[in-house]
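Shown next: structure37.cif, containing mmCIF, C-alpha atoms and all ligand atoms.
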data_protein
loop_
_atom_site.group_PDB
_atom_site.id
_atom_site.type_symbol
_atom_site.label_atom_id
_atom_site.label_comp_id
_atom_site.auth_asym_id
_atom_site.auth_seq_id
_atom_site.Cartn_x
_atom_site.Cartn_y
_atom_site.Cartn_z
ATOM 1 C CA MET A 1 23.015 8.009 -11.730
ATOM 2 C CA TYR A 2 19.548 6.473 -11.734
ATOM 3 C CA GLU A 3 16.785 6.631 -14.350
ATOM 4 C CA LYS A 4 13.737 5.927 -12.223
ATOM 5 C CA VAL A 5 12.505 6.783 -8.743
ATOM 6 C CA ALA A 6 10.442 4.444 -6.562
ATOM 7 C CA VAL A 7 8.778 5.163 -3.233
ATOM 8 C CA ILE A 8 8.011 2.147 -1.044
ATOM 9 C CA THR A 9 6.008 2.656 2.124
ATOM 10 C CA GLY A 10 6.753 0.344 5.061
ATOM 11 C CA ALA A 11 10.115 -0.759 3.692
ATOM 12 C CA THR A 12 11.583 -1.772 7.065
ATOM 13 C CA SER A 13 10.294 -5.329 7.017
ATOM 14 C CA GLY A 14 8.665 -8.149 5.075
ATOM 15 C CA ILE A 15 7.391 -7.503 1.555
ATOM 16 C CA GLY A 16 8.364 -3.799 1.557
ATOM 17 C CA LEU A 17 11.963 -4.507 2.530
ATOM 18 C CA GLU A 18 12.344 -7.229 -0.111
ATOM 19 C CA THR A 19 10.822 -4.888 -2.706
ATOM 20 C CA ALA A 20 13.335 -2.171 -1.764
ATOM 21 C CA LYS A 21 16.227 -4.630 -2.133
ATOM 22 C CA ASP A 22 15.016 -5.835 -5.528
ATOM 23 C CA LEU A 23 14.377 -2.368 -6.978
ATOM 24 C CA ALA A 24 17.752 -1.113 -5.681
ATOM 25 C CA GLN A 25 19.388 -4.090 -7.367
ATOM 26 C CA LYS A 26 17.568 -3.112 -10.579
ATOM 27 C CA GLY A 27 19.075 0.398 -10.406
ATOM 28 C CA TYR A 28 16.092 2.422 -9.163
ATOM 29 C CA CYS A 29 16.495 5.347 -6.815
ATOM 30 C CA VAL A 30 14.602 3.835 -3.874
ATOM 31 C CA VAL A 31 12.961 6.059 -1.272
ATOM 32 C CA MET A 32 12.132 4.025 1.816
ATOM 33 C CA ALA A 33 9.134 5.757 3.414
ATOM 34 C CA CYS A 34 9.194 4.516 7.007
ATOM 35 C CA ARG A 35 8.098 5.406 10.527
ATOM 36 C CA ASP A 36 11.212 3.965 12.192
ATOM 37 C CA THR A 37 13.870 6.003 10.423
ATOM 38 C CA GLU A 38 16.765 4.658 12.485
ATOM 39 C CA LYS A 39 15.937 1.064 11.558
ATOM 40 C CA ALA A 40 15.334 2.154 7.951
ATOM 41 C CA ALA A 41 18.706 3.954 7.765
ATOM 42 C CA GLY A 42 20.508 0.794 8.893
ATOM 43 C CA LEU A 43 18.658 -1.307 6.318
ATOM 44 C CA ALA A 44 19.283 1.292 3.583
ATOM 45 C CA GLY A 45 23.009 1.074 4.369
ATOM 46 C CA GLU A 46 22.901 -2.713 4.006
ATOM 47 C CA ILE A 47 21.027 -2.451 0.692
ATOM 48 C CA ILE A 48 23.549 0.100 -0.627
ATOM 49 C CA ASN A 49 26.481 -2.135 0.358
ATOM 50 C CA LYS A 50 24.959 -5.227 -1.204
ATOM 51 C CA SER A 51 23.572 -3.680 -4.403
ATOM 52 C CA GLY A 52 26.279 -1.115 -5.018
ATOM 53 C CA ASN A 53 23.430 1.353 -5.685
ATOM 54 C CA GLU A 54 24.043 4.472 -3.623
ATOM 55 C CA TYR A 55 20.598 5.918 -4.345
ATOM 56 C CA VAL A 56 18.687 4.322 -1.497
ATOM 57 C CA ARG A 57 17.226 6.979 0.748
ATOM 58 C CA VAL A 58 14.999 7.161 3.822
ATOM 59 C CA LEU A 59 12.237 9.689 4.370
ATOM 60 C CA PRO A 60 10.072 9.655 7.509
ATOM 61 C CA LEU A 61 6.468 8.608 7.049
ATOM 62 C CA ASP A 62 3.950 7.518 9.663
ATOM 63 C CA MET A 63 0.832 6.318 7.891
ATOM 64 C CA ALA A 64 -1.120 6.696 11.133
ATOM 65 C CA SER A 65 -0.720 10.471 11.005
ATOM 66 C CA MET A 66 -2.163 12.764 8.344
ATOM 67 C CA GLN A 67 0.367 15.404 9.404
ATOM 68 C CA SER A 68 3.238 12.990 8.767
ATOM 69 C CA ILE A 69 1.788 11.982 5.380
ATOM 70 C CA ARG A 70 1.527 15.636 4.381
ATOM 71 C CA SER A 71 5.105 16.349 5.554
ATOM 72 C CA PHE A 72 6.398 13.338 3.638
ATOM 73 C CA SER A 73 4.688 14.470 0.474
ATOM 74 C CA GLU A 74 6.099 17.997 0.835
ATOM 75 C CA SER A 75 9.657 16.744 1.462
ATOM 76 C CA PHE A 76 9.491 14.258 -1.381
ATOM 77 C CA SER A 77 8.104 16.785 -3.863
ATOM 78 C CA ALA A 78 10.780 19.306 -2.858
ATOM 79 C CA GLN A 79 13.560 16.780 -3.496
ATOM 80 C CA TYR A 80 12.303 14.858 -6.542
ATOM 81 C CA ASP A 81 10.496 15.995 -9.673
ATOM 82 C CA LYS A 82 9.612 12.483 -10.889
ATOM 83 C CA LEU A 83 8.003 9.447 -9.274
ATOM 84 C CA HIS A 84 7.926 6.419 -11.561
ATOM 85 C CA VAL A 85 6.726 3.834 -9.059
ATOM 86 C CA LEU A 86 4.711 4.308 -5.886
ATOM 87 C CA ILE A 87 4.304 1.115 -3.892
ATOM 88 C CA ASN A 88 1.699 1.528 -1.161
ATOM 89 C CA ASN A 89 2.843 -1.375 0.977
ATOM 90 C CA ALA A 90 2.742 -0.253 4.635
ATOM 91 C CA GLY A 91 0.051 -2.175 6.430
ATOM 92 C CA VAL A 92 -1.106 -3.497 9.766
ATOM 93 C CA PHE A 93 -3.277 -6.280 11.145
ATOM 94 C CA CYS A 94 -4.421 -5.070 14.569
ATOM 95 C CA ASP A 95 -5.136 -7.551 17.328
ATOM 96 C CA LYS A 96 -6.911 -4.954 19.430
ATOM 97 C CA LEU A 97 -8.801 -1.730 18.953
ATOM 98 C CA GLN A 98 -6.367 1.097 18.237
ATOM 99 C CA LYS A 99 -6.668 4.588 16.814
ATOM 100 C CA THR A 100 -4.514 6.717 14.566
ATOM 101 C CA GLU A 101 -3.341 10.162 15.598
ATOM 102 C CA ASP A 102 -6.427 11.568 13.846
ATOM 103 C CA GLY A 103 -8.883 9.261 15.613
ATOM 104 C CA PHE A 104 -9.478 6.709 12.824
ATOM 105 C CA GLU A 105 -9.570 2.988 13.555
ATOM 106 C CA MET A 106 -5.918 1.976 13.015
ATOM 107 C CA THR A 107 -6.360 -0.709 10.314
ATOM 108 C CA MET A 108 -8.606 1.478 8.173
ATOM 109 C CA GLY A 109 -6.437 4.528 8.908
ATOM 110 C CA VAL A 110 -3.104 2.980 7.909
ATOM 111 C CA ASN A 111 -4.083 0.443 5.230
ATOM 112 C CA TYR A 112 -6.664 2.543 3.425
ATOM 113 C CA LEU A 113 -6.986 6.213 4.416
ATOM 114 C CA GLY A 114 -3.220 6.696 4.639
ATOM 115 C CA THR A 115 -2.815 5.144 1.197
ATOM 116 C CA PHE A 116 -5.619 7.317 -0.158
ATOM 117 C CA LEU A 117 -4.142 10.567 1.191
ATOM 118 C CA LEU A 118 -0.523 9.802 0.308
ATOM 119 C CA THR A 119 -1.396 8.849 -3.260
ATOM 120 C CA ARG A 120 -3.589 11.915 -3.731
ATOM 121 C CA LEU A 121 -0.847 14.212 -2.414
ATOM 122 C CA LEU A 122 1.835 12.637 -4.633
ATOM 123 C CA LEU A 123 -0.357 12.677 -7.719
ATOM 124 C CA PRO A 124 1.038 15.966 -9.153
ATOM 125 C CA VAL A 125 4.596 14.566 -9.294
ATOM 126 C CA ILE A 126 3.302 11.168 -10.478
ATOM 127 C CA MET A 127 1.373 12.853 -13.303
ATOM 128 C CA ASP A 128 4.559 14.692 -14.311
ATOM 129 C CA THR A 129 6.262 11.331 -14.870
ATOM 130 C CA ALA A 130 5.764 9.423 -18.106
ATOM 131 C CA GLU A 131 4.019 6.070 -17.614
ATOM 132 C CA ALA A 132 4.211 6.108 -13.832
ATOM 133 C CA ARG A 133 2.829 3.116 -11.925
ATOM 134 C CA ILE A 134 0.938 3.052 -8.644
ATOM 135 C CA ILE A 135 0.871 -0.335 -6.923
ATOM 136 C CA ASN A 136 -1.281 -1.025 -3.887
ATOM 137 C CA ILE A 137 -0.317 -4.069 -1.847
ATOM 138 C CA ALA A 138 -3.786 -5.338 -1.040
ATOM 139 C CA SER A 139 -4.953 -8.851 -0.172
ATOM 140 C CA LYS A 140 -7.442 -11.536 -1.127
ATOM 141 C CA ALA A 141 -8.981 -10.704 2.247
ATOM 142 C CA ALA A 142 -10.633 -7.814 0.358
ATOM 143 C CA LEU A 143 -13.091 -10.303 -1.117
ATOM 144 C CA TYR A 144 -14.478 -10.855 2.409
ATOM 145 C CA GLY A 145 -14.599 -7.178 3.440
ATOM 146 C CA LYS A 146 -17.888 -5.691 4.584
ATOM 147 C CA LEU A 147 -18.000 -1.982 3.965
ATOM 148 C CA LYS A 148 -20.919 0.112 5.129
ATOM 149 C CA ILE A 149 -20.697 3.818 4.459
ATOM 150 C CA ASP A 150 -21.974 5.717 7.482
ATOM 151 C CA GLU A 151 -20.589 8.192 9.998
ATOM 152 C CA GLN A 152 -18.544 5.449 11.663
ATOM 153 C CA VAL A 153 -16.995 4.073 8.485
ATOM 154 C CA PHE A 154 -13.461 5.026 9.552
ATOM 155 C CA SER A 155 -13.956 4.801 13.309
ATOM 156 C CA ASN A 156 -15.830 1.538 13.767
ATOM 157 C CA LYS A 157 -14.940 -0.334 16.928
ATOM 158 C CA ILE A 158 -13.525 -3.286 15.027
ATOM 159 C CA TYR A 159 -10.129 -4.963 14.719
ATOM 160 C CA GLY A 160 -8.685 -8.290 13.584
ATOM 161 C CA PHE A 161 -9.840 -9.855 10.316
ATOM 162 C CA LYS A 162 -13.034 -7.779 10.155
ATOM 163 C CA ALA A 163 -11.093 -4.516 10.108
ATOM 164 C CA TYR A 164 -8.332 -5.942 7.922
ATOM 165 C CA SER A 165 -10.600 -7.323 5.188
ATOM 166 C CA THR A 166 -12.650 -4.117 5.140
ATOM 167 C CA SER A 167 -9.534 -1.947 4.827
ATOM 168 C CA LYS A 168 -8.322 -4.103 1.936
ATOM 169 C CA LEU A 169 -11.702 -3.911 0.187
ATOM 170 C CA ALA A 170 -11.511 -0.119 0.505
ATOM 171 C CA GLN A 171 -7.991 -0.237 -0.986
ATOM 172 C CA ILE A 172 -9.314 -2.212 -3.975
ATOM 173 C CA LEU A 173 -12.205 0.216 -4.511
ATOM 174 C CA PHE A 174 -9.671 3.060 -4.449
ATOM 175 C CA THR A 175 -7.461 1.217 -6.963
ATOM 176 C CA ILE A 176 -10.366 0.834 -9.373
ATOM 177 C CA ASP A 177 -11.552 4.407 -8.890
ATOM 178 C CA LEU A 178 -8.152 6.012 -9.394
ATOM 179 C CA ALA A 179 -7.434 3.793 -12.403
ATOM 180 C CA GLU A 180 -10.673 4.991 -13.973
ATOM 181 C CA GLU A 181 -9.832 8.630 -13.198
ATOM 182 C CA LEU A 182 -6.330 8.317 -14.684
ATOM 183 C CA LYS A 183 -7.198 6.059 -17.612
ATOM 184 C CA ASP A 184 -6.086 8.527 -20.306
ATOM 185 C CA SER A 185 -3.060 9.842 -18.438
ATOM 186 C CA GLY A 186 -0.558 7.034 -19.003
ATOM 187 C CA VAL A 187 -0.423 6.399 -15.237
ATOM 188 C CA THR A 188 -1.532 2.916 -14.209
ATOM 189 C CA VAL A 189 -2.953 1.848 -10.847
ATOM 190 C CA ASN A 190 -3.070 -1.811 -9.846
ATOM 191 C CA ALA A 191 -3.389 -3.901 -6.711
ATOM 192 C CA VAL A 192 -1.552 -7.015 -5.579
ATOM 193 C CA SER A 193 -2.542 -10.016 -3.543
ATOM 194 C CA PRO A 194 0.871 -11.228 -2.355
ATOM 195 C CA GLY A 195 -0.424 -14.517 -0.963
ATOM 196 C CA ARG A 196 0.234 -15.864 2.526
ATOM 197 C CA VAL A 197 3.599 -14.459 3.413
ATOM 198 C CA ALA A 198 5.689 -15.209 6.498
ATOM 199 C CA THR A 199 6.263 -11.692 7.863
ATOM 200 C CA ASN A 200 6.026 -9.659 11.063
ATOM 201 C CA ILE A 201 2.441 -8.641 10.305
ATOM 202 C CA TRP A 202 1.203 -11.820 12.012
ATOM 203 C CA ASN A 203 3.289 -11.306 15.172
ATOM 204 C CA GLY A 204 1.605 -10.422 18.433
ATOM 205 C CA SER A 205 1.071 -11.917 21.841
ATOM 206 C CA SER A 206 -2.741 -11.732 22.009
ATOM 207 C CA LEU A 207 -4.973 -14.801 21.857
ATOM 208 C CA LEU A 208 -6.258 -13.583 18.474
ATOM 209 C CA MET A 209 -2.750 -13.600 16.990
ATOM 210 C CA LYS A 210 -2.000 -16.990 18.539
ATOM 211 C CA ILE A 211 -4.968 -18.273 16.489
ATOM 212 C CA VAL A 212 -4.324 -16.227 13.326
ATOM 213 C CA LYS A 213 -0.558 -16.733 13.009
ATOM 214 C CA PRO A 214 -0.482 -20.538 12.558
ATOM 215 C CA ILE A 215 -3.281 -20.263 9.964
ATOM 216 C CA MET A 216 -1.381 -17.631 8.022
ATOM 217 C CA MET A 217 1.937 -19.466 8.343
ATOM 218 C CA ARG A 218 0.476 -22.673 6.921
ATOM 219 C CA ASN A 219 1.881 -23.041 3.397
ATOM 220 C CA SER A 220 3.186 -19.481 3.586
ATOM 221 C CA ILE A 221 5.782 -18.137 1.181
ATOM 222 C CA SER A 222 8.886 -16.075 1.967
ATOM 223 C CA ALA A 223 8.835 -12.281 1.971
ATOM 224 C CA GLN A 224 11.082 -12.350 -1.082
ATOM 225 C CA GLU A 225 8.526 -14.496 -2.920
ATOM 226 C CA GLY A 226 5.698 -12.268 -1.600
ATOM 227 C CA ALA A 227 7.378 -9.209 -3.117
ATOM 228 C CA ARG A 228 7.562 -10.750 -6.589
ATOM 229 C CA THR A 229 4.210 -9.668 -8.084
ATOM 230 C CA GLY A 230 4.597 -6.076 -6.813
ATOM 231 C CA VAL A 231 8.060 -5.853 -8.393
ATOM 232 C CA TYR A 232 6.674 -7.383 -11.602
ATOM 233 C CA LEU A 233 4.008 -4.669 -11.744
ATOM 234 C CA ALA A 234 6.669 -2.027 -11.103
ATOM 235 C CA VAL A 235 9.120 -3.062 -13.798
ATOM 236 C CA SER A 236 7.643 -5.412 -16.369
ATOM 237 C CA PRO A 237 6.860 -4.209 -19.920
ATOM 238 C CA MET A 238 4.203 -7.003 -19.994
ATOM 239 C CA VAL A 239 1.835 -4.899 -17.860
ATOM 240 C CA GLU A 240 2.266 -1.625 -19.748
ATOM 241 C CA GLY A 241 -1.113 0.123 -19.983
ATOM 242 C CA ILE A 242 -2.925 -2.421 -17.785
ATOM 243 C CA THR A 243 -4.770 -0.609 -15.041
ATOM 244 C CA GLY A 244 -7.410 -1.071 -12.332
ATOM 245 C CA LYS A 245 -6.665 -4.774 -11.840
ATOM 246 C CA LEU A 246 -5.823 -7.060 -8.946
ATOM 247 C CA PHE A 247 -2.812 -9.333 -9.557
ATOM 248 C CA ASP A 248 -1.980 -12.620 -7.903
ATOM 249 C CA LYS A 249 1.183 -14.504 -8.915
ATOM 250 C CA GLU A 250 1.698 -12.127 -11.850
ATOM 251 C CA LYS A 251 -1.786 -12.883 -13.245
ATOM 252 C CA ILE A 252 -4.995 -10.850 -13.183
ATOM 253 C CA MET A 253 -7.437 -12.128 -10.579
ATOM 254 C CA GLU A 254 -11.218 -11.903 -10.904
ATOM 255 C CA TYR A 255 -12.931 -9.299 -8.713
ATOM 256 C CA ASN A 256 -16.094 -10.252 -6.877
ATOM 257 C CA GLN A 257 -19.310 -8.203 -6.922
ATOM 258 C CA LYS A 258 -18.321 -6.152 -3.863
ATOM 259 C CA CYS A 259 -15.161 -4.883 -5.544
ATOM 260 C CA LEU A 260 -17.185 -3.941 -8.632
ATOM 261 C CA ASP A 261 -19.943 -2.115 -6.737
ATOM 262 C CA GLU A 262 -19.746 1.337 -8.339
ATOM 263 C CA GLY A 263 -22.228 2.932 -5.955
ATOM 264 C CA LEU A 264 -20.234 1.788 -2.922
ATOM 265 C CA ARG A 265 -17.003 2.951 -4.556
ATOM 266 C CA LYS A 266 -18.311 6.450 -5.272
ATOM 267 C CA GLU A 267 -19.720 6.781 -1.755
ATOM 268 C CA LEU A 268 -16.415 5.648 -0.283
ATOM 269 C CA MET A 269 -14.457 8.176 -2.333
ATOM 270 C CA LYS A 270 -16.728 10.991 -1.180
ATOM 271 C CA VAL A 271 -16.346 10.233 2.528
ATOM 272 C CA SER A 272 -12.612 9.619 2.106
ATOM 273 C CA TYR A 273 -11.974 13.112 0.725
ATOM 274 C CA ASP A 274 -13.900 14.544 3.673
ATOM 275 C CA ALA A 275 -12.099 12.378 6.239
ATOM 276 C CA VAL A 276 -8.604 13.367 5.119
ATOM 277 C CA GLN A 277 -9.689 16.949 4.400
ATOM 278 C CA PHE A 278 -8.320 16.794 0.889
ATOM 279 C CA LEU A 279 -9.409 19.907 -0.961
HETATM 280 N N1 LIG A 301 2.057 -11.184 5.041
HETATM 281 C C1 LIG A 301 0.965 -11.593 4.365
HETATM 282 O O1 LIG A 301 0.576 -12.773 4.384
HETATM 283 C C2 LIG A 301 0.165 -10.586 3.579
HETATM 284 C C3 LIG A 301 -0.931 -11.040 2.819
HETATM 285 C C4 LIG A 301 -1.667 -10.132 2.085
HETATM 286 C C5 LIG A 301 -1.307 -8.800 2.101
HETATM 287 N N2 LIG A 301 -0.251 -8.363 2.850
HETATM 288 C C6 LIG A 301 0.055 -6.931 2.849
HETATM 289 O O2 LIG A 301 1.411 -6.714 2.557
HETATM 290 C C7 LIG A 301 1.815 -5.449 3.086
HETATM 291 C C8 LIG A 301 3.146 -5.602 3.798
HETATM 292 O O3 LIG A 301 2.971 -6.422 4.937
HETATM 293 P P1 LIG A 301 4.025 -7.509 5.429
HETATM 294 O O4 LIG A 301 3.336 -8.804 5.414
HETATM 295 O O5 LIG A 301 5.308 -7.346 4.715
HETATM 296 O O6 LIG A 301 4.150 -7.089 6.974
HETATM 297 P P2 LIG A 301 5.320 -6.491 7.861
HETATM 298 O O7 LIG A 301 6.544 -7.318 7.742
HETATM 299 O O8 LIG A 301 4.733 -6.298 9.215
HETATM 300 O O9 LIG A 301 5.594 -5.085 7.191
HETATM 301 C C9 LIG A 301 4.704 -4.017 7.335
HETATM 302 C C10 LIG A 301 5.451 -2.726 7.067
HETATM 303 O O10 LIG A 301 4.511 -1.657 7.248
HETATM 304 C C11 LIG A 301 5.082 -0.723 8.139
HETATM 305 N N3 LIG A 301 4.075 0.036 8.865
HETATM 306 C C12 LIG A 301 3.132 -0.403 9.726
HETATM 307 N N4 LIG A 301 2.448 0.648 10.236
HETATM 308 C C13 LIG A 301 2.992 1.761 9.694
HETATM 309 C C14 LIG A 301 2.746 3.140 9.842
HETATM 310 N N5 LIG A 301 1.827 3.614 10.683
HETATM 311 N N6 LIG A 301 3.481 4.022 9.125
HETATM 312 C C15 LIG A 301 4.467 3.578 8.295
HETATM 313 N N7 LIG A 301 4.767 2.279 8.134
HETATM 314 C C16 LIG A 301 4.036 1.389 8.826
HETATM 315 C C17 LIG A 301 5.948 -1.556 9.073
HETATM 316 O O11 LIG A 301 6.858 -0.717 9.740
HETATM 317 P P3 LIG A 301 7.615 -1.155 11.107
HETATM 318 O O12 LIG A 301 8.806 -1.975 10.688
HETATM 319 O O13 LIG A 301 7.995 0.165 11.704
HETATM 320 O O14 LIG A 301 6.632 -1.923 11.924
HETATM 321 C C18 LIG A 301 6.596 -2.491 8.069
HETATM 322 O O15 LIG A 301 7.664 -1.867 7.420
HETATM 323 C C19 LIG A 301 0.678 -4.996 3.998
HETATM 324 O O16 LIG A 301 -0.088 -4.011 3.336
HETATM 325 C C20 LIG A 301 -0.136 -6.249 4.198
HETATM 326 O O17 LIG A 301 -1.491 -5.993 4.482
HETATM 327 C C21 LIG A 301 0.496 -9.229 3.586
#

Before we go any further, please render this structure as structure tokens.
Amino acid sequence: MYEKVAVITGATSGIGLETAKDLAQKGYCVVMACRDTEKAAGLAGEIINKSGNEYVRVLPLDMASMQSIRSFSESFSAQYDKLHVLINNAGVFCDKLQKTEDGFEMTMGVNYLGTFLLTRLLLPVIMDTAEARIINIASKAALYGKLKIDEQVFSNKIYGFKAYSTSKLAQILFTIDLAEELKDSGVTVNAVSPGRVATNIWNGSSLLMKIVKPIMMRNSISAQEGARTGVYLAVSPMVEGITGKLFDKEKIMEYNQKCLDEGLRKELMKVSYDAVQFL
């Protein structure tokens, strides 16, 4: 039997997959929250065989669909009464303009709004778990994000690094806001900059990706290495009670002024609730 339950979004590849392997090895019940359930089931089988931990499960989750996020949350909450570790890892870097099922720009929709809604919906079960940890896989790109709160904030016609950095800034603002909200609850919320990691996120046949990929691959680390700080935040007693921070290589990283802009953060939270129709 297991003692702790972890949900990892986007566990079919890269950092998410390596995180699932590591937490399974450490004896967690691992719920792989993935859009490609067939691929995820195959990978779960491999993890079970290798780790000897039979508690590796797959639940469908498409972060580009609010309906799917709601269904995931309902299924999870019906099957589990505790959630010790939520790792919001699923993410995209879009090389062209794309939209989610609900009409949001894809990068913002998946990397930020999906994370926002999923976390909010899982909060009741998280709050019922002693010392639960929420970990958002963000990026240093957040420091370059330019967020303007207007009617187009989630449907701007942007893609590439502009959309990516903005979505990651939004993720950081959410991390700080939720940490502040939950500061007396025992639940911690932190973000991770995994570094430059050689994963599928930089694949793509467009000219943009042909430029971006070699830059990102330069001095890149393996997915296993990229998963390390997220796993550290999930399991280490060293970070007990630490909340609202961004970690890089297991150390707290300084925020810049944009991340600490309280006015921007509060405005973002307000429009986010409206966008995902969270009542
Ligand atoms: N790689 C880096 O250098 C780097 C640097 C900083 C931050 N990060 C962050 O690290 C996280 C993981 O990325 P990675 O580098 O490991 O990339 P990756 O190998 O492409 O993995 C991304 C994961 O997200 C999943 N995903 C994408 N869209 C989804 C959706 N709509 N619904 C559910 N799952 C979805 C993918 O599923 P499929 O297998 O179905 O595509 C995959 O499992 C991301 O948040 C990324 O922004 C990465």

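Nearest to A:Asp22 of all the residues A:Pro237, A:Gly10, A:Gly230, A:Pro124 is A:Gly230, based on all atoms listed in the file.
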
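Rounded to one decimal, atom CA of A:Asn53 and atom C8 of ligand LIG 301 (chain A) lie 23.4 Å from each other.
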
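Among the candidate residues A:Ala130, A:Glu18, A:Arg57, A:Asn190, the one lying nearest to A:Ile252 is A:Asn190, with distances computed using all atoms listed in the file.
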
Let me see if you get this right: every residue at most 8 Å from ligand LIG 301 (chain A), counting only C-alpha atoms and all ligand atoms, written as a short mmCIF file (atom, residue, chain, number, x, y, z; two decimals) with C-alpha atoms, in the coordinates of the input.
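Result file is selection32.cif:
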data_model
loop_
_atom_site.label_atom_id
_atom_site.label_comp_id
_atom_site.auth_asym_id
_atom_site.auth_seq_id
_atom_site.Cartn_x
_atom_site.Cartn_y
_atom_site.Cartn_z
CA THR A 9 6.01 2.66 2.12
CA GLY A 10 6.75 0.34 5.06
CA ALA A 11 10.12 -0.76 3.69
CA THR A 12 11.58 -1.77 7.06
CA SER A 13 10.29 -5.33 7.02
CA GLY A 14 8.66 -8.15 5.08
CA ILE A 15 7.39 -7.50 1.56
CA GLY A 16 8.36 -3.80 1.56
CA LEU A 17 11.96 -4.51 2.53
CA ALA A 33 9.13 5.76 3.41
CA CYS A 34 9.19 4.52 7.01
CA ARG A 35 8.10 5.41 10.53
CA ASP A 36 11.21 3.96 12.19
CA LYS A 39 15.94 1.06 11.56
CA LEU A 61 6.47 8.61 7.05
CA ASP A 62 3.95 7.52 9.66
CA MET A 63 0.83 6.32 7.89
CA ALA A 64 -1.12 6.70 11.13
CA SER A 65 -0.72 10.47 11.00
CA ASN A 88 1.70 1.53 -1.16
CA ASN A 89 2.84 -1.38 0.98
CA ALA A 90 2.74 -0.25 4.64
CA GLY A 91 0.05 -2.17 6.43
CA VAL A 92 -1.11 -3.50 9.77
CA PHE A 93 -3.28 -6.28 11.14
CA VAL A 110 -3.10 2.98 7.91
CA ASN A 111 -4.08 0.44 5.23
CA ASN A 136 -1.28 -1.02 -3.89
CA ILE A 137 -0.32 -4.07 -1.85
CA ALA A 138 -3.79 -5.34 -1.04
CA SER A 139 -4.95 -8.85 -0.17
CA LYS A 140 -7.44 -11.54 -1.13
CA ALA A 141 -8.98 -10.70 2.25
CA TYR A 164 -8.33 -5.94 7.92
CA LYS A 168 -8.32 -4.10 1.94
CA VAL A 192 -1.55 -7.02 -5.58
CA SER A 193 -2.54 -10.02 -3.54
CA PRO A 194 0.87 -11.23 -2.36
CA GLY A 195 -0.42 -14.52 -0.96
CA ARG A 196 0.23 -15.86 2.53
CA VAL A 197 3.60 -14.46 3.41
CA ALA A 198 5.69 -15.21 6.50
CA THR A 199 6.26 -11.69 7.86
CA ASN A 200 6.03 -9.66 11.06
CA ILE A 201 2.44 -8.64 10.30
CA TRP A 202 1.20 -11.82 12.01
CA ASN A 203 3.29 -11.31 15.17
CA MET A 216 -1.38 -17.63 8.02
CA MET A 217 1.94 -19.47 8.34
CA SER A 220 3.19 -19.48 3.59
CA ALA A 223 8.84 -12.28 1.97
CA GLY A 226 5.70 -12.27 -1.60
#

Mind checking which residues fall within 7 Å of stretch 149-157 of chain A, counting all atoms listed in the file, ignoring those fewer than 2 positions away in the same chain, and posting them as a short mmCIF file (atom, residue, chain, number, x, y, z; two decimals) with C-alpha atoms, in the frame of the given file?
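Result file is part23.cif:
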data_model
loop_
_atom_site.label_atom_id
_atom_site.label_comp_id
_atom_site.auth_asym_id
_atom_site.auth_seq_id
_atom_site.Cartn_x
_atom_site.Cartn_y
_atom_site.Cartn_z
CA LEU A 97 -8.80 -1.73 18.95
CA PHE A 104 -9.48 6.71 12.82
CA GLU A 105 -9.57 2.99 13.56
CA MET A 108 -8.61 1.48 8.17
CA LEU A 147 -18.00 -1.98 3.96
CA GLU A 267 -19.72 6.78 -1.76
CA LEU A 268 -16.42 5.65 -0.28
#

Please, which residues are within 7 Å of (-12.1, -1.3, -8.4) by the file's coordinates, counting only C-alpha atoms, and could they come as a short mmCIF file (atom, residue, chain, number, x, y, z; two decimals) with C-alpha atoms, keeping the file's coordinate frame?
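Output (out.cif):
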data_model
loop_
_atom_site.label_atom_id
_atom_site.label_comp_id
_atom_site.auth_asym_id
_atom_site.auth_seq_id
_atom_site.Cartn_x
_atom_site.Cartn_y
_atom_site.Cartn_z
CA ILE A 172 -9.31 -2.21 -3.98
CA LEU A 173 -12.20 0.22 -4.51
CA PHE A 174 -9.67 3.06 -4.45
CA THR A 175 -7.46 1.22 -6.96
CA ILE A 176 -10.37 0.83 -9.37
CA ASP A 177 -11.55 4.41 -8.89
CA GLY A 244 -7.41 -1.07 -12.33
CA CYS A 259 -15.16 -4.88 -5.54
CA LEU A 260 -17.18 -3.94 -8.63
#

Practice problem: Up to 9 Å from (-14.8, -12.1, 0.1) in the file's coordinates: name the residues, counting all atoms listed in the file, as a ChimeraX atom specification. | Solution: /A:140-146,165,169,256,258

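This file, filtered with the PyMOL selection byres (((chain A and resi 86) around 6) and not hetatm), gives the residues Ala6, Val7, Val85, Ile87 and Ile134 of chain A.
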
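The shortest atom-to-atom distance to A:Arg120, with all atoms listed in the file taken into account, belongs to A:Ser73 out of A:Ser73, A:Ala132, A:Thr100, A:Lys270.
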
Quiz item: Which residue, A:Arg133, A:Gly241, A:Ala191, A:Pro214, has the smallest gap to A:Glu254 when you use all atoms listed in the file?
Solution: A:Ala191

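The shortest atom-to-atom distance to A:Ala227, with all atoms listed in the file taken into account, belongs to A:Lys21 out of A:Arg265, A:Lys4, A:Lys50, A:Lys21.
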
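If all atoms listed in the file are the atoms counted, then among A:Thr129, A:Gln25, A:Gln98, A:Thr19 the closest residue to A:Tyr2 is A:Gln25.
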
Quiz item: Can you list, as a PyMOL selection string, the residues that the PyMOL selection byres (((chain A and resi 122) around 9) and not hetatm) selects here?
Solution: chain A and resi 73-74+76-77+83+86+117-121+123-127

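In this model, the gap between atom CA of A:Arg70 and atom CA of A:Cys94 comes to 23.8 Å.
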
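The space separating atom CA of A:Val187 from atom CA of A:Ser71 comes to 23.7 Å.
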
Quiz prompt | Within 12 Å of A:Asn49 using only C-alpha atoms, minus same-chain residues under 6 positions, as a VMD selection string | solution = chain A and resid 21 24 to 25 42 to 43 55 to 56
